[in-house]
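Shown below: my_file_25.txt, with compact mmCIF, C-alpha atoms (C1' of nucleotides).
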```
# COMPACT_ATOMS: atom_id res chain seq x y z
CA MET A 1 1.34 -17.57 -6.98
CA SER A 2 -2.05 -16.35 -8.11
CA GLU A 3 -3.10 -15.32 -4.59
CA THR A 4 -6.79 -15.19 -5.34
CA GLY A 5 -7.55 -15.54 -1.61
CA LYS A 6 -10.27 -13.44 -0.07
CA GLN A 7 -8.72 -11.20 2.56
CA LEU A 8 -6.70 -8.16 1.52
CA SER A 9 -4.14 -6.50 3.74
CA ALA A 10 -4.85 -2.98 4.97
CA SER A 11 -2.10 -1.72 2.71
CA LEU A 12 -3.49 -3.34 -0.43
CA GLU A 13 -6.98 -2.07 0.44
CA ASP A 14 -5.50 1.42 0.50
CA TYR A 15 -3.96 0.97 -2.94
CA LEU A 16 -7.21 -0.40 -4.34
CA GLU A 17 -9.19 2.48 -2.88
CA ALA A 18 -6.70 5.00 -4.27
CA ILE A 19 -7.04 3.55 -7.76
CA PHE A 20 -10.81 3.67 -7.39
CA LEU A 21 -10.84 7.29 -6.28
CA LEU A 22 -8.42 8.41 -8.98
CA SER A 23 -10.45 6.58 -11.63
CA GLN A 24 -13.64 8.21 -10.40
CA SER A 25 -12.22 11.71 -10.69
CA GLY A 26 -11.92 11.40 -14.46
CA LYS A 27 -8.20 10.90 -14.89
CA VAL A 28 -6.61 7.52 -15.48
CA ALA A 29 -4.88 6.23 -12.37
CA ARG A 30 -1.16 6.56 -12.98
CA SER A 31 1.47 5.00 -10.79
CA LYS A 32 2.80 8.40 -9.80
CA ASP A 33 -0.64 9.66 -8.79
CA ILE A 34 -1.19 6.62 -6.59
CA ALA A 35 2.18 7.21 -4.94
CA GLU A 36 1.31 10.84 -4.26
CA HIS A 37 -2.18 10.06 -3.05
CA LEU A 38 -0.90 7.54 -0.51
CA GLY A 39 2.32 9.32 0.34
CA VAL A 40 4.61 6.45 -0.59
CA ALA A 41 7.59 6.17 -2.92
CA ARG A 42 7.02 5.11 -6.53
CA PRO A 43 8.67 1.70 -6.27
CA SER A 44 6.26 0.77 -3.49
CA VAL A 45 3.41 1.22 -5.94
CA THR A 46 4.93 -1.15 -8.49
CA GLY A 47 5.01 -3.95 -5.92
CA ALA A 48 1.44 -3.32 -4.83
CA LEU A 49 0.22 -3.28 -8.44
CA ARG A 50 1.79 -6.66 -9.05
CA SER A 51 0.13 -8.03 -5.95
CA LEU A 52 -3.27 -6.64 -6.92
CA THR A 53 -2.81 -8.06 -10.41
CA SER A 54 -2.08 -11.53 -9.09
CA ARG A 55 -5.32 -11.29 -7.11
CA ARG A 56 -7.15 -10.31 -10.30
CA LEU A 57 -8.32 -6.99 -8.87
CA ILE A 58 -6.71 -4.75 -11.49
CA HIS A 59 -5.61 -4.90 -15.09
CA TYR A 60 -2.01 -3.82 -15.27
CA LYS A 61 0.99 -4.33 -17.47
CA PRO A 62 4.33 -2.69 -16.82
CA TYR A 63 4.36 0.81 -18.32
CA GLY A 64 0.67 0.42 -19.15
CA TYR A 65 -2.57 1.83 -17.87
CA ILE A 66 -4.19 0.68 -14.67
CA THR A 67 -7.87 -0.22 -14.52
CA LEU A 68 -9.99 -2.12 -12.04
CA THR A 69 -11.38 -5.53 -12.90
CA GLU A 70 -15.02 -6.18 -12.15
CA LYS A 71 -14.03 -7.93 -8.95
CA GLY A 72 -11.67 -5.10 -8.07
CA LEU A 73 -14.38 -2.55 -8.68
CA ARG A 74 -16.79 -4.37 -6.39
CA MET A 75 -14.19 -4.63 -3.66
CA ALA A 76 -13.04 -1.02 -4.01
CA GLY A 77 -16.65 0.12 -3.83
CA LYS A 78 -17.12 -1.71 -0.57
CA ILE A 79 -13.98 -0.21 0.92
CA SER A 80 -14.96 3.23 -0.23
CA ARG A 81 -18.42 2.90 1.30
CA ARG A 82 -16.93 1.75 4.60
CA HIS A 83 -14.68 4.78 4.53
CA ALA A 84 -17.54 7.13 3.71
CA ALA A 85 -19.79 5.73 6.44
CA LEU A 86 -17.12 6.07 9.09
CA GLU A 87 -16.12 9.55 8.02
CA SER A 88 -19.73 10.64 7.99
CA PHE A 89 -20.24 9.26 11.47
CA PHE A 90 -17.19 11.08 12.78
CA VAL A 91 -18.05 14.38 11.13
CA ASP A 92 -21.85 14.54 11.02
CA ILE A 93 -22.63 12.89 14.32
CA LEU A 94 -19.59 13.31 16.53
CA GLY A 95 -18.59 16.68 15.08
CA VAL A 96 -14.97 15.72 14.50
CA GLU A 97 -12.88 18.09 12.41
CA HIS A 98 -12.72 17.00 8.78
CA ALA A 99 -9.02 16.18 8.41
CA ALA A 100 -8.92 14.15 11.62
CA ALA A 101 -12.07 12.27 10.61
CA GLU A 102 -10.53 11.51 7.24
CA ARG A 103 -7.37 10.12 8.82
CA ALA A 104 -9.26 7.97 11.31
CA ALA A 105 -11.69 6.66 8.70
CA CYS A 106 -8.77 5.71 6.49
CA MET A 107 -7.35 3.52 9.23
CA ALA A 108 -10.58 2.21 10.72
CA GLU A 109 -12.05 1.23 7.38
CA HIS A 110 -9.89 -1.90 7.46
CA ALA A 111 -11.42 -2.99 10.76
CA VAL A 112 -15.13 -3.02 10.11
CA GLY A 113 -16.86 -5.71 8.10
CA GLY A 114 -20.04 -5.85 6.11
CA ASP A 115 -22.46 -6.17 8.99
CA ILE A 116 -21.13 -3.18 10.90
CA THR A 117 -20.98 -1.08 7.75
CA ALA A 118 -24.58 -1.91 6.91
CA ARG A 119 -25.72 -1.07 10.42
CA LEU A 120 -23.69 2.13 10.54
CA THR A 121 -25.06 3.26 7.20
CA ALA A 122 -28.61 2.58 8.35
CA TYR A 123 -27.88 4.41 11.59
CA LEU A 124 -26.66 7.50 9.75
CA ASP A 125 -29.91 7.57 7.76
CA PHE A 126 -31.91 6.92 10.87
CA VAL A 127 -30.37 9.78 12.82
CA ALA A 128 -30.46 12.17 9.85
CA GLY A 129 -34.22 11.68 9.72
CA GLN A 130 -34.73 12.89 13.25
CA GLN A 131 -35.69 16.44 14.19
CA ASP A 132 -32.89 16.79 16.75
CA ALA A 133 -30.32 15.18 14.48
CA ASP A 134 -27.40 17.29 15.59
CA ALA A 135 -28.41 17.75 19.19
CA PHE A 136 -25.24 16.02 20.32
CA LYS A 137 -22.89 18.23 18.34
CA LEU A 138 -24.47 21.33 19.84
CA TYR A 139 -24.36 19.81 23.30
CA TYR A 140 -20.71 18.78 22.98
CA ASP A 141 -19.62 22.13 21.59
CA SER A 142 -21.45 23.94 24.35
CA LEU A 143 -19.52 21.85 26.87
CA ARG A 144 -16.28 23.06 25.38
CA ASN A 145 -17.41 26.68 25.29
CA VAL A 146 -18.37 26.61 28.94
CA GLN A 147 -15.00 25.19 29.89
CA SER A 148 -12.94 27.83 28.05
CA MET B 1 18.07 1.88 21.07
CA SER B 2 15.82 3.17 23.84
CA GLU B 3 12.92 3.90 21.44
CA THR B 4 11.12 6.26 23.76
CA GLY B 5 9.23 7.75 20.78
CA LYS B 6 5.57 8.49 21.15
CA GLN B 7 3.65 6.38 18.63
CA LEU B 8 3.19 2.67 19.25
CA SER B 9 2.46 0.18 16.47
CA ALA B 10 -0.91 -1.54 16.45
CA SER B 11 0.80 -4.77 17.40
CA LEU B 12 2.56 -3.32 20.44
CA GLU B 13 -0.65 -1.63 21.53
CA ASP B 14 -2.27 -5.06 21.51
CA TYR B 15 0.47 -6.50 23.70
CA LEU B 16 0.24 -3.59 26.12
CA GLU B 17 -3.52 -3.93 26.34
CA ALA B 18 -3.24 -7.68 26.93
CA ILE B 19 -0.84 -7.14 29.82
CA PHE B 20 -3.20 -4.54 31.23
CA LEU B 21 -6.23 -6.82 31.01
CA LEU B 22 -4.40 -9.82 32.49
CA SER B 23 -3.07 -7.67 35.33
CA GLN B 24 -6.53 -6.36 36.05
CA SER B 25 -8.00 -9.82 36.38
CA GLY B 26 -5.92 -10.58 39.43
CA LYS B 27 -3.27 -12.86 38.03
CA VAL B 28 0.23 -11.74 37.14
CA ALA B 29 0.67 -11.42 33.39
CA ARG B 30 2.80 -14.33 32.27
CA SER B 31 4.35 -14.63 28.86
CA LYS B 32 2.30 -17.72 28.07
CA ASP B 33 -0.97 -16.01 29.03
CA ILE B 34 -0.19 -13.08 26.75
CA ALA B 35 0.53 -15.48 23.92
CA GLU B 36 -2.76 -17.28 24.47
CA HIS B 37 -4.74 -14.07 24.84
CA LEU B 38 -3.44 -12.70 21.54
CA GLY B 39 -3.25 -16.00 19.69
CA VAL B 40 0.45 -15.74 18.87
CA ALA B 41 3.39 -18.06 19.47
CA ARG B 42 5.44 -17.65 22.64
CA PRO B 43 8.59 -16.37 20.96
CA SER B 44 6.61 -13.49 19.47
CA VAL B 45 5.83 -12.35 22.99
CA THR B 46 9.48 -12.26 24.00
CA GLY B 47 10.27 -9.86 21.19
CA ALA B 48 7.34 -7.61 22.01
CA LEU B 49 8.27 -7.53 25.68
CA ARG B 50 11.76 -6.37 24.80
CA SER B 51 10.35 -3.65 22.61
CA LEU B 52 7.92 -2.47 25.29
CA THR B 53 10.76 -2.50 27.83
CA SER B 54 12.97 -0.33 25.64
CA ARG B 55 10.07 2.13 25.46
CA ARG B 56 9.83 2.09 29.26
CA LEU B 57 6.23 0.85 29.22
CA ILE B 58 6.78 -2.33 31.21
CA HIS B 59 9.17 -3.70 33.81
CA TYR B 60 10.54 -6.98 32.55
CA LYS B 61 13.57 -9.16 32.99
CA PRO B 62 14.02 -12.46 31.18
CA TYR B 63 12.30 -15.24 33.15
CA GLY B 64 10.86 -12.61 35.51
CA TYR B 65 7.47 -11.08 36.19
CA ILE B 66 5.92 -8.51 33.91
CA THR B 67 4.40 -5.31 35.28
CA LEU B 68 3.37 -2.03 33.72
CA THR B 69 5.34 1.13 34.42
CA GLU B 70 3.39 4.25 35.30
CA LYS B 71 3.70 5.42 31.71
CA GLY B 72 2.66 1.99 30.46
CA LEU B 73 -0.34 1.96 32.73
CA ARG B 74 -1.48 5.35 31.47
CA MET B 75 -1.09 4.29 27.86
CA ALA B 76 -2.78 0.92 28.36
CA GLY B 77 -5.67 2.64 30.10
CA LYS B 78 -6.16 4.91 27.11
CA ILE B 79 -6.09 1.99 24.68
CA SER B 80 -8.51 0.04 26.83
CA ARG B 81 -10.93 2.97 27.00
CA ARG B 82 -10.79 3.40 23.23
CA HIS B 83 -11.59 -0.27 22.86
CA ALA B 84 -14.44 -0.11 25.35
CA ALA B 85 -15.99 2.95 23.74
CA LEU B 86 -15.93 1.41 20.28
CA GLU B 87 -17.27 -1.92 21.46
CA SER B 88 -20.04 -0.20 23.35
CA PHE B 89 -20.96 1.80 20.29
CA PHE B 90 -21.10 -1.30 18.13
CA VAL B 91 -23.10 -3.34 20.62
CA ASP B 92 -25.28 -0.85 22.47
CA ILE B 93 -26.10 1.49 19.63
CA LEU B 94 -25.67 -0.46 16.41
CA GLY B 95 -26.77 -3.78 17.90
CA VAL B 96 -23.81 -5.72 16.55
CA GLU B 97 -23.31 -9.21 17.90
CA HIS B 98 -20.80 -9.28 20.75
CA ALA B 99 -18.00 -11.35 19.22
CA ALA B 100 -18.00 -9.36 15.98
CA ALA B 101 -18.03 -6.08 17.91
CA GLU B 102 -15.11 -7.27 19.99
CA ARG B 103 -13.07 -8.19 16.91
CA ALA B 104 -13.80 -4.89 15.17
CA ALA B 105 -13.09 -2.82 18.27
CA CYS B 106 -9.77 -4.61 18.67
CA MET B 107 -8.71 -3.50 15.21
CA ALA B 108 -10.31 -0.06 15.12
CA GLU B 109 -8.94 0.96 18.49
CA HIS B 110 -5.62 1.68 16.81
CA ALA B 111 -7.22 4.15 14.43
CA VAL B 112 -9.01 6.59 16.69
CA GLY B 113 -7.20 9.25 18.68
CA GLY B 114 -7.99 11.15 21.84
CA ASP B 115 -10.47 13.61 20.37
CA ILE B 116 -12.63 10.99 18.69
CA THR B 117 -12.57 8.79 21.78
CA ALA B 118 -13.65 11.68 23.98
CA ARG B 119 -16.46 12.58 21.62
CA LEU B 120 -17.57 8.98 21.23
CA THR B 121 -17.61 8.46 24.99
CA ALA B 122 -19.66 11.61 25.47
CA TYR B 123 -21.98 10.48 22.70
CA LEU B 124 -22.59 7.12 24.36
CA ASP B 125 -23.56 8.90 27.59
CA PHE B 126 -25.68 11.35 25.66
CA VAL B 127 -27.65 8.68 23.85
CA ALA B 128 -27.98 6.49 26.94
CA GLY B 129 -29.71 9.39 28.67
CA GLN B 130 -32.45 9.61 26.06
CA GLN B 131 -35.85 7.99 26.41
CA ASP B 132 -35.66 6.31 23.00
CA ALA B 133 -32.06 5.21 23.47
CA ASP B 134 -32.37 1.95 21.59
CA ALA B 135 -34.91 3.04 19.02
CA PHE B 136 -32.45 2.31 16.25
CA LYS B 137 -31.72 -1.24 17.34
CA LEU B 138 -35.43 -2.02 17.38
CA TYR B 139 -35.91 -0.34 14.02
CA TYR B 140 -33.00 -2.20 12.42
CA ASP B 141 -34.04 -5.57 13.82
CA SER B 142 -37.58 -5.03 12.60
CA LEU B 143 -36.20 -4.37 9.12
CA ARG B 144 -34.50 -7.73 9.15
CA ASN B 145 -37.56 -9.51 10.47
CA VAL B 146 -39.74 -8.10 7.74
CA GLN B 147 -37.28 -9.25 5.09
CA SER B 148 -37.02 -12.84 6.34
C1' DT C 1 18.07 -33.96 45.30
C1' DT C 2 17.26 -35.11 41.09
C1' DG C 3 14.20 -36.08 37.13
C1' DA C 4 10.56 -34.53 34.44
C1' DC C 5 7.61 -31.14 32.78
C1' DA C 6 6.26 -26.46 31.97
C1' DA C 7 7.60 -21.80 30.81
C1' DG C 8 10.64 -18.86 28.49
C1' DT C 9 14.29 -17.74 25.28
C1' DT C 10 17.47 -18.03 21.27
C1' DA C 11 18.42 -18.84 16.59
C1' DG C 12 17.11 -18.77 12.10
C1' DA C 13 13.66 -18.25 8.47
C1' DC C 14 9.96 -15.95 6.09
C1' DA C 15 6.42 -12.50 4.51
C1' DC C 16 5.14 -7.93 3.96
C1' DA C 17 5.71 -3.27 3.06
C1' DA C 18 8.35 0.32 2.91
C1' DC C 19 12.80 2.90 1.32
C1' DT C 20 17.01 4.75 -1.88
C1' DA C 21 19.84 4.49 -5.91
C1' DA C 22 20.24 3.38 -10.37
C1' DC C 23 18.47 1.89 -14.66
C1' DT C 24 14.94 1.73 -18.61
C1' DA C 25 11.00 3.05 -21.15
C1' DT C 26 7.91 6.58 -22.76
C1' DA C 27 6.72 11.38 -23.99
C1' DT C 28 7.76 15.92 -25.18
C1' DT C 29 9.93 19.46 -27.44
C1' DC C 30 12.80 21.72 -30.38
C1' DG D 1 14.27 12.47 -35.30
C1' DA D 2 17.62 13.22 -31.59
C1' DA D 3 17.92 15.36 -26.80
C1' DT D 4 15.89 15.65 -22.66
C1' DA D 5 12.59 15.33 -19.07
C1' DT D 6 9.30 12.45 -16.77
C1' DA D 7 7.35 8.11 -15.40
C1' DG D 8 8.08 3.51 -14.17
C1' DT D 9 10.85 -0.45 -12.87
C1' DT D 10 14.63 -3.32 -10.89
C1' DA D 11 17.84 -4.38 -7.40
C1' DG D 12 19.11 -4.33 -2.96
C1' DT D 13 18.32 -2.97 1.99
C1' DT D 14 15.75 -2.26 6.16
C1' DG D 15 12.27 -2.77 9.91
C1' DT D 16 8.54 -5.18 11.90
C1' DG D 17 6.17 -9.03 13.20
C1' DT D 18 5.39 -13.49 12.80
C1' DC D 19 6.66 -18.56 12.81
C1' DT D 20 9.11 -23.39 14.05
C1' DA D 21 12.70 -26.01 16.17
C1' DA D 22 15.75 -26.42 19.62
C1' DC D 23 17.80 -25.02 23.84
C1' DT D 24 17.70 -23.12 28.75
C1' DT D 25 15.65 -22.00 33.03
C1' DG D 26 12.57 -22.76 36.74
C1' DT D 27 9.42 -25.59 39.55
C1' DC D 28 7.51 -29.37 41.74
C1' DA D 29 7.01 -33.99 43.19
C1' DA D 30 8.60 -38.49 44.20
```

Using the file provided, produce a representation of the structure as structure tokens.
Amino acid sequence: MSETGKQLSASLEDYLEAIFLLSQSGKVARSKDIAEHLGVARPSVTGALRSLTSRRLIHYKPYGYITLTEKGLRMAGKISRRHAALESFFVDILGVEHAAAERAACMAEHAVGGDITARLTAYLDFVAGQQDADAFKLYYDSLRNVQS
Amino acid sequence: MSETGKQLSASLEDYLEAIFLLSQSGKVARSKDIAEHLGVARPSVTGALRSLTSRRLIHYKPYGYITLTEKGLRMAGKISRRHAALESFFVDILGVEHAAAERAACMAEHAVGGDITARLTAYLDFVAGQQDADAFKLYYDSLRNVQS
DNA sequence: TTGACAAGTTAGACACAACTAACTATATTC
DNA sequence: GAATATAGTTAGTTGTGTCTAACTTGTCAA
């Protein structure tokens, strides 16, 4: 039952990322906070915590505190970077509105692997270092202004 | 039970897209072809076909041919365009290997909505029309060559 | 025209991920 | 330190999507 297999479901990746983000923002990640952050009911969190525990990604005992293991921290970091890269692409390059970019990144982050993330990250740097870095955003917005 | 609601699950989007692609390539979409295309067992297809029928996205009778309704065709077209835009971004801009890009696009296509797709499509055109369109690919590949 | 094979479906099981209702443990407050 | 509020868990249900095994339908060839 120890489920130490490599691939995590999209759902469990979300839980791991939530724990990571809550931990980062000072507070200890409590079950209730995770539930609120993900918009799920509290009992759903309990099940996910057990599953993450069996995969040795978090330290967790019923009614106790929740912390990431070293392995969990590494994995959560990866997920978080994937999310950040996608969101940055949507917002900074495509000019997508923040909330929509956030939603899309949260779903798409489960689809892209290490190679694509590395390339995307490099691409963001690459474009940011160009003089006409946001030429497209201006162009696309001007299209919309002309139409209306 | 008619389930005419708007949002389709990722799984049903995959089935709809498969029917669309098979239809496009001349042949009639048969249950077995759909199963092969998606890598699922035949009985899984039967269930999906019933669900798509109840949503009025396909015409289907047990043991009969499968065709898209007008609504289904519109929806499948959208999904297919999302897929194509993402794959093109991964391959043409980021320089991702084709098979990996295909896999990622197939998963990410369920995450991006109309606005992002429109912007991404415009971006692909925009970049393609620049003189240094594949500057990044060259740059990124050179990085890897230096390292190895 | 009937036998054999391919395609499709039904039945039944399982895994995952969510939910509500109800219970238990922990914390807080007086 | 007992009463109460809050957090967390258990139990039981549901929906979705998959699977295998077995059955039915359709097709084609001898």

Selected residue of minimal separation from chain A among B:Val112, B:Ala135, B:Leu143, B:Ala100, counting all atoms listed in the file: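 Of B:Val112, B:Ala135, B:Leu143, B:Ala100, the one nearest chain A is B:Val112, counting all atoms listed in the file.
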
For chain C, report every residue with an atom at most 9 Å from chain B (counting all atoms listed in the file), formatted as a PyMOL selection string. chain C and resi 7-9

If I take CA of Val91 in chain A and CA of Asp134 in chain B, how far is one from the other in Å, to one decimal?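 Distance between the two atoms: 21.7 Å.
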
With 12 Å as the limit and counting only C-alpha atoms, what residues in chain B lie close to chain A? Please list them as a count of residues only. 55

Could you list, as an MDAnalysis selection string, the residues of chain D having an atom within 8 Å of chain B when counting only C-alpha atoms (C1' of nucleotides)? chainID D and resid 17:19 25

How many Å lie between CA of Thr69 in chain A and CA of Leu57 in chain A, rounded to one decimal?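 Taking CA of Thr69 in chain A and CA of Leu57 in chain A, their separation equals 5.3 Å.
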
Could you give me, as a ChimeraX atom specification, the residues within 12 Å of Gly72 in chain A, counting all atoms listed in the file and dropping anything in the same chain fewer than 3 positions from it? /A:4,6,8,12-13,15-20,52-59,66-69,75-80

Dump of C-alpha atoms for the selected residues, as a short mmCIF file (atom, residue, chain, number, x, y, z; two decimals), in the frame of the given file:
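out-v9.cif, freshly written:
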```cif
data_model
loop_
_atom_site.label_atom_id
_atom_site.label_comp_id
_atom_site.auth_asym_id
_atom_site.auth_seq_id
_atom_site.Cartn_x
_atom_site.Cartn_y
_atom_site.Cartn_z
CA THR A 4 -6.79 -15.19 -5.34
CA LYS A 6 -10.27 -13.44 -0.07
CA LEU A 8 -6.70 -8.16 1.52
CA LEU A 12 -3.49 -3.34 -0.43
CA GLU A 13 -6.98 -2.07 0.44
CA TYR A 15 -3.96 0.97 -2.94
CA LEU A 16 -7.21 -0.40 -4.34
CA GLU A 17 -9.19 2.48 -2.88
CA ALA A 18 -6.70 5.00 -4.27
CA ILE A 19 -7.04 3.55 -7.76
CA PHE A 20 -10.81 3.67 -7.39
CA LEU A 52 -3.27 -6.64 -6.92
CA THR A 53 -2.81 -8.06 -10.41
CA SER A 54 -2.08 -11.53 -9.09
CA ARG A 55 -5.32 -11.29 -7.11
CA ARG A 56 -7.15 -10.31 -10.30
CA LEU A 57 -8.32 -6.99 -8.87
CA ILE A 58 -6.71 -4.75 -11.49
CA HIS A 59 -5.61 -4.90 -15.09
CA ILE A 66 -4.19 0.68 -14.67
CA THR A 67 -7.87 -0.22 -14.52
CA LEU A 68 -9.99 -2.12 -12.04
CA THR A 69 -11.38 -5.53 -12.90
CA MET A 75 -14.19 -4.63 -3.66
CA ALA A 76 -13.04 -1.02 -4.01
CA GLY A 77 -16.65 0.12 -3.83
CA LYS A 78 -17.12 -1.71 -0.57
CA ILE A 79 -13.98 -0.21 0.92
CA SER A 80 -14.96 3.23 -0.23
#
```

Neighbours of DC30 in chain C within 12 Å (all atoms listed in the file; same-chain residues fewer than 6 positions away dropped), as number ranges by chain? D: 1-4
